[in-house]
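Below is the file entry-v3.tsv, which contains TSV, N, CA and C atoms.
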```tsv
chain	number	residue	atom	x	y	z
Y	205	MET	N	16.78	-10.85	-19.08
Y	205	MET	CA	16.70	-9.45	-19.43
Y	205	MET	C	15.52	-9.19	-20.36
Y	206	LYS	N	15.21	-10.16	-21.24
Y	206	LYS	CA	14.08	-9.97	-22.14
Y	206	LYS	C	12.78	-9.79	-21.35
Y	207	THR	N	12.61	-10.57	-20.28
Y	207	THR	CA	11.39	-10.46	-19.47
Y	207	THR	C	11.31	-9.10	-18.81
Y	208	VAL	N	12.42	-8.63	-18.27
Y	208	VAL	CA	12.45	-7.32	-17.62
Y	208	VAL	C	12.15	-6.23	-18.65
Y	209	THR	N	12.78	-6.31	-19.80
Y	209	THR	CA	12.56	-5.32	-20.85
Y	209	THR	C	11.12	-5.36	-21.31
Y	210	ARG	N	10.58	-6.54	-21.51
Y	210	ARG	CA	9.18	-6.65	-21.92
Y	210	ARG	C	8.24	-6.09	-20.88
Y	211	SER	N	8.53	-6.33	-19.61
Y	211	SER	CA	7.68	-5.81	-18.55
Y	211	SER	C	7.73	-4.29	-18.50
Y	212	ILE	N	8.92	-3.72	-18.65
Y	212	ILE	CA	9.06	-2.27	-18.65
Y	212	ILE	C	8.32	-1.69	-19.85
Y	213	VAL	N	8.49	-2.31	-20.99
Y	213	VAL	CA	7.78	-1.86	-22.20
Y	213	VAL	C	6.28	-1.96	-21.98
Y	214	ALA	N	5.85	-3.05	-21.36
Y	214	ALA	CA	4.41	-3.23	-21.09
Y	214	ALA	C	3.89	-2.14	-20.16
Y	215	VAL	N	4.66	-1.82	-19.14
Y	215	VAL	CA	4.25	-0.77	-18.21
Y	215	VAL	C	4.13	0.56	-18.93
Y	216	VAL	N	5.12	0.90	-19.74
Y	216	VAL	CA	5.07	2.15	-20.49
Y	216	VAL	C	3.91	2.14	-21.48
Y	217	ALA	N	3.69	1.01	-22.13
Y	217	ALA	CA	2.58	0.92	-23.08
Y	217	ALA	C	1.24	1.07	-22.37
Y	218	ILE	N	1.11	0.47	-21.20
Y	218	ILE	CA	-0.13	0.60	-20.44
Y	218	ILE	C	-0.36	2.05	-20.05
Y	219	ALA	N	0.69	2.71	-19.58
Y	219	ALA	CA	0.55	4.11	-19.20
Y	219	ALA	C	0.16	4.96	-20.40
Y	220	ALA	N	0.77	4.69	-21.53
Y	220	ALA	CA	0.44	5.45	-22.74
Y	220	ALA	C	-1.00	5.20	-23.15
Y	221	PHE	N	-1.44	3.96	-23.04
Y	221	PHE	CA	-2.81	3.64	-23.43
Y	221	PHE	C	-3.82	4.42	-22.60
Y	222	ILE	N	-3.67	4.35	-21.29
Y	222	ILE	CA	-4.65	5.01	-20.43
Y	222	ILE	C	-4.66	6.51	-20.68
Y	223	THR	N	-3.50	7.09	-20.88
Y	223	THR	CA	-3.43	8.52	-21.12
Y	223	THR	C	-4.17	8.89	-22.40
Y	224	VAL	N	-3.98	8.12	-23.42
Y	224	VAL	CA	-4.61	8.40	-24.71
Y	224	VAL	C	-6.06	7.90	-24.74
Y	225	ALA	N	-6.34	6.86	-23.99
Y	225	ALA	CA	-7.68	6.26	-23.90
Y	225	ALA	C	-8.24	5.89	-25.27
Y	226	VAL	N	-7.48	5.09	-25.98
Y	226	VAL	CA	-7.91	4.64	-27.30
Y	226	VAL	C	-8.81	3.42	-27.13
Y	227	ALA	N	-9.95	3.45	-27.78
Y	227	ALA	CA	-10.88	2.33	-27.69
Y	227	ALA	C	-10.41	1.20	-28.60
Y	228	GLY	N	-10.50	-0.02	-28.10
Y	228	GLY	CA	-10.15	-1.18	-28.92
Y	228	GLY	C	-11.31	-2.13	-29.01
Y	229	GLN	N	-11.49	-2.74	-30.12
Y	229	GLN	CA	-12.61	-3.65	-30.32
Y	229	GLN	C	-12.19	-5.11	-30.27
Y	230	SER	N	-10.91	-5.41	-30.24
Y	230	SER	CA	-10.45	-6.79	-30.36
Y	230	SER	C	-10.85	-7.67	-29.18
Y	231	PHE	N	-11.20	-7.08	-28.05
Y	231	PHE	CA	-11.53	-7.88	-26.88
Y	231	PHE	C	-13.02	-7.86	-26.58
Y	232	ALA	N	-13.81	-7.40	-27.52
Y	232	ALA	CA	-15.25	-7.31	-27.31
Y	232	ALA	C	-15.88	-8.67	-27.03
Y	233	GLN	N	-15.34	-9.72	-27.61
Y	233	GLN	CA	-15.91	-11.05	-27.42
Y	233	GLN	C	-15.73	-11.54	-25.99
Y	234	ILE	N	-14.65	-11.19	-25.31
Y	234	ILE	CA	-14.40	-11.67	-23.96
Y	234	ILE	C	-14.86	-10.70	-22.90
Y	235	LEU	N	-15.33	-9.54	-23.28
Y	235	LEU	CA	-15.70	-8.50	-22.35
Y	235	LEU	C	-16.80	-8.88	-21.36
Y	236	PRO	N	-17.93	-9.44	-21.78
Y	236	PRO	CA	-19.01	-9.65	-20.82
Y	236	PRO	C	-18.62	-10.45	-19.58
Y	237	LYS	N	-17.93	-11.56	-19.74
Y	237	LYS	CA	-17.54	-12.37	-18.58
Y	237	LYS	C	-16.53	-11.63	-17.73
Y	238	GLN	N	-15.51	-11.04	-18.35
Y	238	GLN	CA	-14.49	-10.34	-17.59
Y	238	GLN	C	-15.05	-9.14	-16.86
Y	239	GLN	N	-15.90	-8.39	-17.51
Y	239	GLN	CA	-16.44	-7.19	-16.89
Y	239	GLN	C	-17.18	-7.55	-15.61
Y	240	ALA	N	-17.89	-8.65	-15.62
Y	240	ALA	CA	-18.62	-9.08	-14.45
Y	240	ALA	C	-17.67	-9.42	-13.30
Y	241	ASP	N	-16.46	-9.79	-13.63
Y	241	ASP	CA	-15.48	-10.17	-12.62
Y	241	ASP	C	-14.71	-8.99	-12.03
Y	242	VAL	N	-14.90	-7.79	-12.54
Y	242	VAL	CA	-14.14	-6.63	-12.09
Y	242	VAL	C	-15.08	-5.68	-11.35
Y	243	ASP	N	-14.78	-5.45	-10.07
Y	243	ASP	CA	-15.62	-4.54	-9.30
Y	243	ASP	C	-14.92	-3.20	-9.11
Y	244	ASP	N	-15.62	-2.27	-8.47
Y	244	ASP	CA	-15.08	-0.93	-8.29
Y	244	ASP	C	-13.79	-0.94	-7.46
Y	245	GLN	N	-13.69	-1.84	-6.49
Y	245	GLN	CA	-12.48	-1.91	-5.67
Y	245	GLN	C	-11.27	-2.31	-6.53
Y	246	GLN	N	-11.48	-3.25	-7.44
Y	246	GLN	CA	-10.38	-3.64	-8.33
Y	246	GLN	C	-10.01	-2.49	-9.27
Y	247	LEU	N	-11.02	-1.77	-9.75
Y	247	LEU	CA	-10.74	-0.62	-10.61
Y	247	LEU	C	-9.97	0.45	-9.84
Y	248	ARG	N	-10.34	0.67	-8.58
Y	248	ARG	CA	-9.64	1.64	-7.74
Y	248	ARG	C	-8.19	1.20	-7.53
Y	249	SER	N	-7.99	-0.08	-7.28
Y	249	SER	CA	-6.63	-0.61	-7.12
Y	249	SER	C	-5.83	-0.40	-8.40
Y	250	PHE	N	-6.47	-0.67	-9.53
Y	250	PHE	CA	-5.82	-0.45	-10.82
Y	250	PHE	C	-5.40	1.01	-10.95
Y	251	ALA	N	-6.29	1.94	-10.59
Y	251	ALA	CA	-5.99	3.37	-10.69
Y	251	ALA	C	-4.81	3.74	-9.80
Y	252	ARG	N	-4.76	3.17	-8.61
Y	252	ARG	CA	-3.63	3.46	-7.70
Y	252	ARG	C	-2.32	2.94	-8.28
Y	253	VAL	N	-2.36	1.72	-8.82
Y	253	VAL	CA	-1.14	1.16	-9.43
Y	253	VAL	C	-0.74	2.01	-10.62
Y	254	TYR	N	-1.71	2.43	-11.42
Y	254	TYR	CA	-1.42	3.27	-12.56
Y	254	TYR	C	-0.66	4.53	-12.12
Y	255	MET	N	-1.12	5.15	-11.04
Y	255	MET	CA	-0.44	6.35	-10.56
Y	255	MET	C	1.00	6.03	-10.15
Y	256	GLN	N	1.20	4.88	-9.53
Y	256	GLN	CA	2.55	4.47	-9.17
Y	256	GLN	C	3.40	4.20	-10.41
Y	257	VAL	N	2.79	3.61	-11.42
Y	257	VAL	CA	3.50	3.34	-12.68
Y	257	VAL	C	3.97	4.66	-13.28
Y	258	GLU	N	3.13	5.67	-13.25
Y	258	GLU	CA	3.53	6.98	-13.78
Y	258	GLU	C	4.73	7.53	-13.02
Y	259	LYS	N	4.70	7.42	-11.70
Y	259	LYS	CA	5.83	7.90	-10.89
Y	259	LYS	C	7.09	7.09	-11.19
Y	260	ILE	N	6.93	5.77	-11.31
Y	260	ILE	CA	8.07	4.91	-11.63
Y	260	ILE	C	8.65	5.30	-12.99
Y	261	ARG	N	7.77	5.47	-13.96
Y	261	ARG	CA	8.22	5.85	-15.31
Y	261	ARG	C	8.97	7.18	-15.27
Y	262	GLN	N	8.42	8.16	-14.58
Y	262	GLN	CA	9.05	9.47	-14.51
Y	262	GLN	C	10.40	9.42	-13.81
Y	263	THR	N	10.55	8.50	-12.88
Y	263	THR	CA	11.80	8.37	-12.14
Y	263	THR	C	12.84	7.58	-12.93
Y	264	TYR	N	12.44	6.45	-13.48
Y	264	TYR	CA	13.40	5.51	-14.05
Y	264	TYR	C	13.67	5.69	-15.54
Y	265	GLU	N	12.72	6.21	-16.28
Y	265	GLU	CA	12.93	6.37	-17.72
Y	265	GLU	C	14.11	7.30	-18.03
Y	266	PRO	N	14.21	8.47	-17.42
Y	266	PRO	CA	15.38	9.32	-17.70
Y	266	PRO	C	16.69	8.67	-17.26
Y	267	ARG	N	16.66	7.98	-16.13
Y	267	ARG	CA	17.87	7.30	-15.66
Y	267	ARG	C	18.31	6.23	-16.65
Y	268	ALA	N	17.36	5.49	-17.20
Y	268	ALA	CA	17.69	4.43	-18.15
Y	268	ALA	C	18.27	5.01	-19.43
Y	269	LYS	N	17.69	6.12	-19.89
Y	269	LYS	CA	18.19	6.76	-21.11
Y	269	LYS	C	19.60	7.31	-20.93
Y	270	GLU	N	19.91	7.75	-19.72
Y	270	GLU	CA	21.21	8.37	-19.45
Y	270	GLU	C	22.25	7.39	-18.91
Y	271	SER	N	21.88	6.13	-18.77
Y	271	SER	CA	22.81	5.16	-18.20
Y	271	SER	C	24.02	5.00	-19.11
Y	272	PRO	N	25.20	4.88	-18.51
Y	272	PRO	CA	26.43	4.80	-19.30
Y	272	PRO	C	26.64	3.48	-20.03
Y	273	GLY	N	25.96	2.43	-19.61
Y	273	GLY	CA	26.19	1.15	-20.27
Y	273	GLY	C	25.06	0.18	-20.03
Y	274	PRO	N	25.14	-0.98	-20.69
Y	274	PRO	CA	24.07	-1.97	-20.58
Y	274	PRO	C	23.88	-2.54	-19.17
Y	275	ASP	N	24.95	-2.68	-18.41
Y	275	ASP	CA	24.82	-3.21	-17.06
Y	275	ASP	C	24.02	-2.25	-16.17
Y	276	GLU	N	24.33	-0.98	-16.30
Y	276	GLU	CA	23.62	0.03	-15.51
Y	276	GLU	C	22.15	0.11	-15.96
Y	277	SER	N	21.94	0.02	-17.25
Y	277	SER	CA	20.58	0.05	-17.79
Y	277	SER	C	19.77	-1.13	-17.28
Y	278	LYS	N	20.39	-2.29	-17.27
Y	278	LYS	CA	19.72	-3.49	-16.76
Y	278	LYS	C	19.36	-3.33	-15.29
Y	279	GLN	N	20.28	-2.78	-14.51
Y	279	GLN	CA	20.04	-2.56	-13.08
Y	279	GLN	C	18.86	-1.60	-12.88
Y	280	ILE	N	18.82	-0.54	-13.66
Y	280	ILE	CA	17.73	0.43	-13.57
Y	280	ILE	C	16.40	-0.23	-13.93
Y	281	GLN	N	16.39	-1.04	-14.98
Y	281	GLN	CA	15.18	-1.74	-15.38
Y	281	GLN	C	14.71	-2.70	-14.29
Y	282	GLN	N	15.64	-3.37	-13.64
Y	282	GLN	CA	15.29	-4.28	-12.56
Y	282	GLN	C	14.69	-3.52	-11.38
Y	283	GLU	N	15.27	-2.38	-11.06
Y	283	GLU	CA	14.72	-1.55	-9.98
Y	283	GLU	C	13.30	-1.11	-10.31
Y	284	ALA	N	13.09	-0.66	-11.54
Y	284	ALA	CA	11.76	-0.22	-11.96
Y	284	ALA	C	10.77	-1.38	-11.90
Y	285	GLN	N	11.16	-2.54	-12.36
Y	285	GLN	CA	10.29	-3.72	-12.32
Y	285	GLN	C	9.96	-4.08	-10.88
Y	286	ALA	N	10.93	-4.01	-9.99
Y	286	ALA	CA	10.69	-4.32	-8.58
Y	286	ALA	C	9.68	-3.33	-7.98
Y	287	LYS	N	9.81	-2.07	-8.32
Y	287	LYS	CA	8.86	-1.05	-7.84
Y	287	LYS	C	7.46	-1.33	-8.37
Y	288	PHE	N	7.36	-1.73	-9.63
Y	288	PHE	CA	6.08	-2.07	-10.23
Y	288	PHE	C	5.45	-3.26	-9.48
Y	289	GLN	N	6.25	-4.28	-9.21
Y	289	GLN	CA	5.75	-5.45	-8.48
Y	289	GLN	C	5.28	-5.07	-7.08
Y	290	GLU	N	6.03	-4.17	-6.42
Y	290	GLU	CA	5.63	-3.70	-5.09
Y	290	GLU	C	4.28	-3.00	-5.14
Y	291	ALA	N	4.10	-2.16	-6.14
Y	291	ALA	CA	2.84	-1.43	-6.28
Y	291	ALA	C	1.68	-2.40	-6.51
Y	292	LEU	N	1.90	-3.39	-7.36
Y	292	LEU	CA	0.87	-4.40	-7.61
Y	292	LEU	C	0.51	-5.14	-6.32
Y	293	THR	N	1.52	-5.61	-5.62
Y	293	THR	CA	1.31	-6.37	-4.39
Y	293	THR	C	0.58	-5.55	-3.35
Y	294	LYS	N	0.98	-4.31	-3.20
Y	294	LYS	CA	0.35	-3.42	-2.21
Y	294	LYS	C	-1.15	-3.28	-2.48
Y	295	GLU	N	-1.54	-3.29	-3.73
Y	295	GLU	CA	-2.95	-3.12	-4.10
Y	295	GLU	C	-3.68	-4.45	-4.32
Y	296	GLY	N	-3.00	-5.55	-4.04
Y	296	GLY	CA	-3.65	-6.85	-4.16
Y	296	GLY	C	-3.84	-7.33	-5.59
Y	297	LEU	N	-3.03	-6.81	-6.49
Y	297	LEU	CA	-3.09	-7.21	-7.90
Y	297	LEU	C	-1.83	-7.96	-8.27
Y	298	ASN	N	-1.86	-8.58	-9.44
Y	298	ASN	CA	-0.67	-9.15	-10.04
Y	298	ASN	C	-0.65	-8.69	-11.50
Y	299	GLU	N	0.40	-9.04	-12.23
Y	299	GLU	CA	0.50	-8.57	-13.61
Y	299	GLU	C	-0.68	-9.04	-14.45
Y	300	GLU	N	-1.13	-10.26	-14.21
Y	300	GLU	CA	-2.25	-10.80	-14.98
Y	300	GLU	C	-3.55	-10.03	-14.72
Y	301	SER	N	-3.85	-9.77	-13.46
Y	301	SER	CA	-5.10	-9.05	-13.15
Y	301	SER	C	-5.01	-7.60	-13.62
Y	302	TYR	N	-3.83	-7.00	-13.50
Y	302	TYR	CA	-3.63	-5.63	-13.97
Y	302	TYR	C	-3.87	-5.56	-15.48
Y	303	THR	N	-3.30	-6.51	-16.20
Y	303	THR	CA	-3.46	-6.56	-17.65
Y	303	THR	C	-4.92	-6.83	-18.02
Y	304	GLN	N	-5.57	-7.70	-17.29
Y	304	GLN	CA	-6.98	-8.00	-17.56
Y	304	GLN	C	-7.84	-6.74	-17.40
Y	305	ILE	N	-7.63	-6.00	-16.33
Y	305	ILE	CA	-8.39	-4.76	-16.12
Y	305	ILE	C	-8.08	-3.77	-17.23
Y	306	PHE	N	-6.83	-3.70	-17.61
Y	306	PHE	CA	-6.42	-2.83	-18.72
Y	306	PHE	C	-7.19	-3.18	-19.99
Y	307	GLU	N	-7.27	-4.46	-20.30
Y	307	GLU	CA	-7.95	-4.91	-21.52
Y	307	GLU	C	-9.45	-4.61	-21.45
Y	308	ILE	N	-10.04	-4.80	-20.29
Y	308	ILE	CA	-11.45	-4.49	-20.12
Y	308	ILE	C	-11.68	-3.00	-20.34
Y	309	ALA	N	-10.84	-2.18	-19.74
Y	309	ALA	CA	-10.97	-0.72	-19.92
Y	309	ALA	C	-10.76	-0.32	-21.37
Y	310	ARG	N	-9.89	-1.02	-22.02
Y	310	ARG	CA	-9.62	-0.74	-23.43
Y	310	ARG	C	-10.83	-1.05	-24.31
Y	311	ALA	N	-11.55	-2.10	-23.95
Y	311	ALA	CA	-12.66	-2.55	-24.79
Y	311	ALA	C	-14.00	-1.93	-24.42
Y	312	ASP	N	-14.13	-1.42	-23.21
Y	312	ASP	CA	-15.42	-0.92	-22.73
Y	312	ASP	C	-15.31	0.55	-22.33
Y	313	GLU	N	-15.96	1.40	-23.08
Y	313	GLU	CA	-15.86	2.84	-22.85
Y	313	GLU	C	-16.35	3.24	-21.45
Y	314	GLY	N	-17.40	2.60	-20.97
Y	314	GLY	CA	-17.91	2.92	-19.63
Y	314	GLY	C	-16.90	2.61	-18.55
Y	315	VAL	N	-16.26	1.45	-18.64
Y	315	VAL	CA	-15.23	1.07	-17.68
Y	315	VAL	C	-14.03	2.01	-17.81
Y	316	ARG	N	-13.66	2.32	-19.05
Y	316	ARG	CA	-12.53	3.22	-19.28
Y	316	ARG	C	-12.77	4.58	-18.63
Y	317	LYS	N	-13.99	5.12	-18.81
Y	317	LYS	CA	-14.32	6.42	-18.21
Y	317	LYS	C	-14.25	6.35	-16.69
Y	318	LYS	N	-14.75	5.24	-16.13
Y	318	LYS	CA	-14.72	5.07	-14.68
Y	318	LYS	C	-13.27	5.02	-14.18
Y	319	VAL	N	-12.44	4.25	-14.88
Y	319	VAL	CA	-11.03	4.14	-14.49
Y	319	VAL	C	-10.33	5.50	-14.61
Y	320	LEU	N	-10.58	6.21	-15.70
Y	320	LEU	CA	-9.96	7.52	-15.86
Y	320	LEU	C	-10.40	8.48	-14.76
Y	321	GLN	N	-11.66	8.43	-14.37
Y	321	GLN	CA	-12.14	9.27	-13.27
Y	321	GLN	C	-11.43	8.90	-11.97
Y	322	MET	N	-11.26	7.63	-11.73
Y	322	MET	CA	-10.56	7.17	-10.52
Y	322	MET	C	-9.10	7.63	-10.54
Y	323	ILE	N	-8.49	7.62	-11.71
Y	323	ILE	CA	-7.11	8.09	-11.83
Y	323	ILE	C	-7.04	9.57	-11.51
Y	324	VAL	N	-7.99	10.34	-12.00
Y	324	VAL	CA	-8.04	11.78	-11.70
Y	324	VAL	C	-8.17	11.98	-10.18
Y	325	GLU	N	-9.03	11.20	-9.55
Y	325	GLU	CA	-9.21	11.29	-8.10
Y	325	GLU	C	-7.94	10.94	-7.36
Y	326	GLU	N	-7.26	9.88	-7.80
Y	326	GLU	CA	-6.01	9.48	-7.16
Y	326	GLU	C	-4.93	10.53	-7.35
Y	327	LYS	N	-4.91	11.13	-8.54
Y	327	LYS	CA	-3.92	12.18	-8.81
Y	327	LYS	C	-4.16	13.37	-7.89
Y	328	ALA	N	-5.41	13.70	-7.64
Y	328	ALA	CA	-5.75	14.83	-6.76
Y	328	ALA	C	-5.30	14.58	-5.32
Y	329	LYS	N	-5.24	13.32	-4.92
Y	329	LYS	CA	-4.80	12.96	-3.56
Y	329	LYS	C	-3.30	13.12	-3.39
Y	330	SER	N	-2.56	12.98	-4.49
Y	330	SER	CA	-1.09	13.00	-4.36
Y	330	SER	C	-0.48	14.35	-4.56
```
Could you quickly redo this structure as structure tokens?
Amino acid sequence: MKTVTRSIVAVVAIAAFITVAVAGQSFAQILPKQQADVDDQQLRSFARVYMQVEKIRQTYEPRAKESPGPDESKQIQQEAQAKFQEALTKEGLNEESYTQIFEIARADEGVRKKVLQMIVEEKAKS
């Protein structure tokens, strides 16, 4: 349950980060190598997963808050985690690559702006 809870918290934290777009400096040392490894297709995939994460959050967060007990809450969290994994798989990402792109966007304003623009484009499609 700790892993599921941590993953859900991570998903919500990632969504909150992108929305706020707060710049972080802690990953500046690892940025050059990682940035070279991330292309526009990976950023587009990240943006698509982000949009799915938003939908998952909007669907499952109220259900989790209103669940009558811990068993139901756990079931809801598992469903949300499964949906997150499906979104990652569909876009050819995994949790590690998603987190890596997130960290790069967090540390690099240019990448962050590109990702945010892609998210706007994806939102317009839906």
Next item on the list: May I ask for the distance between atom C of Glu307 of chain Y and atom N of Glu283 of chain Y, given in Å to one decimal place?
Entry: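 We find that atom C of Glu307 of chain Y and atom N of Glu283 of chain Y lie 26.9 Å from each other.
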Notebook entry, point to check: Restricting the calculation to only C-alpha atoms, which member of Y:Ile308, Y:Glu270, Y:Asp241, Y:Tyr254 is positioned closest to Val324 of chain Y?
Noted result: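 Looking at the shortest contact to Val324 of chain Y, the residue is Y:Tyr254.
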Edge lengths and centre in Å, axis-aligned, segment 304-307 of chain Y plus 4 Å each side, as lines of an AutoDock Vina configuration file:
```
center_x = -7.5
center_y = -5.4
center_z = -18.8
size_x = 11.9
size_y = 13.2
size_z = 13.4
```
Item checked: atom C of Ala284 of chain Y to atom CA of Ala251 of chain Y, distance in Å rounded to a single decimal ->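 Rounded to one decimal, the two atoms are 17.5 Å apart.
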Check: Suppose you want the space between atom C of Glu313 of chain Y and atom C of Leu292 of chain Y; what is it in Å?
Finding: 24.2 Å
Next item on the list: Can you work out which one of Y:Thr303, Y:Gln289, Y:Gln321, Y:Asn298 has the shortest atom-to-atom distance to Asp244 of chain Y, counting only C-alpha atoms?
Entry: Y:Gln321
Note to self: Calculated over only C-alpha atoms, which of the candidates Y:Lys329, Y:Gln304, Y:Arg310, Y:Leu297 has the smallest distance to Gln245 of chain Y?
What the structure shows: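 Looking only at the distances to Gln245 of chain Y, the closest residue turns out to be Y:Leu297.
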Margin query: When you look at Ser249 of chain Y with a cut-off of 12 Å (counting only C-alpha atoms), what residues show up, excluding the ones that are within fewer than 5 positions of it in the same chain? I need them as a count of residues only.
Written below: 22
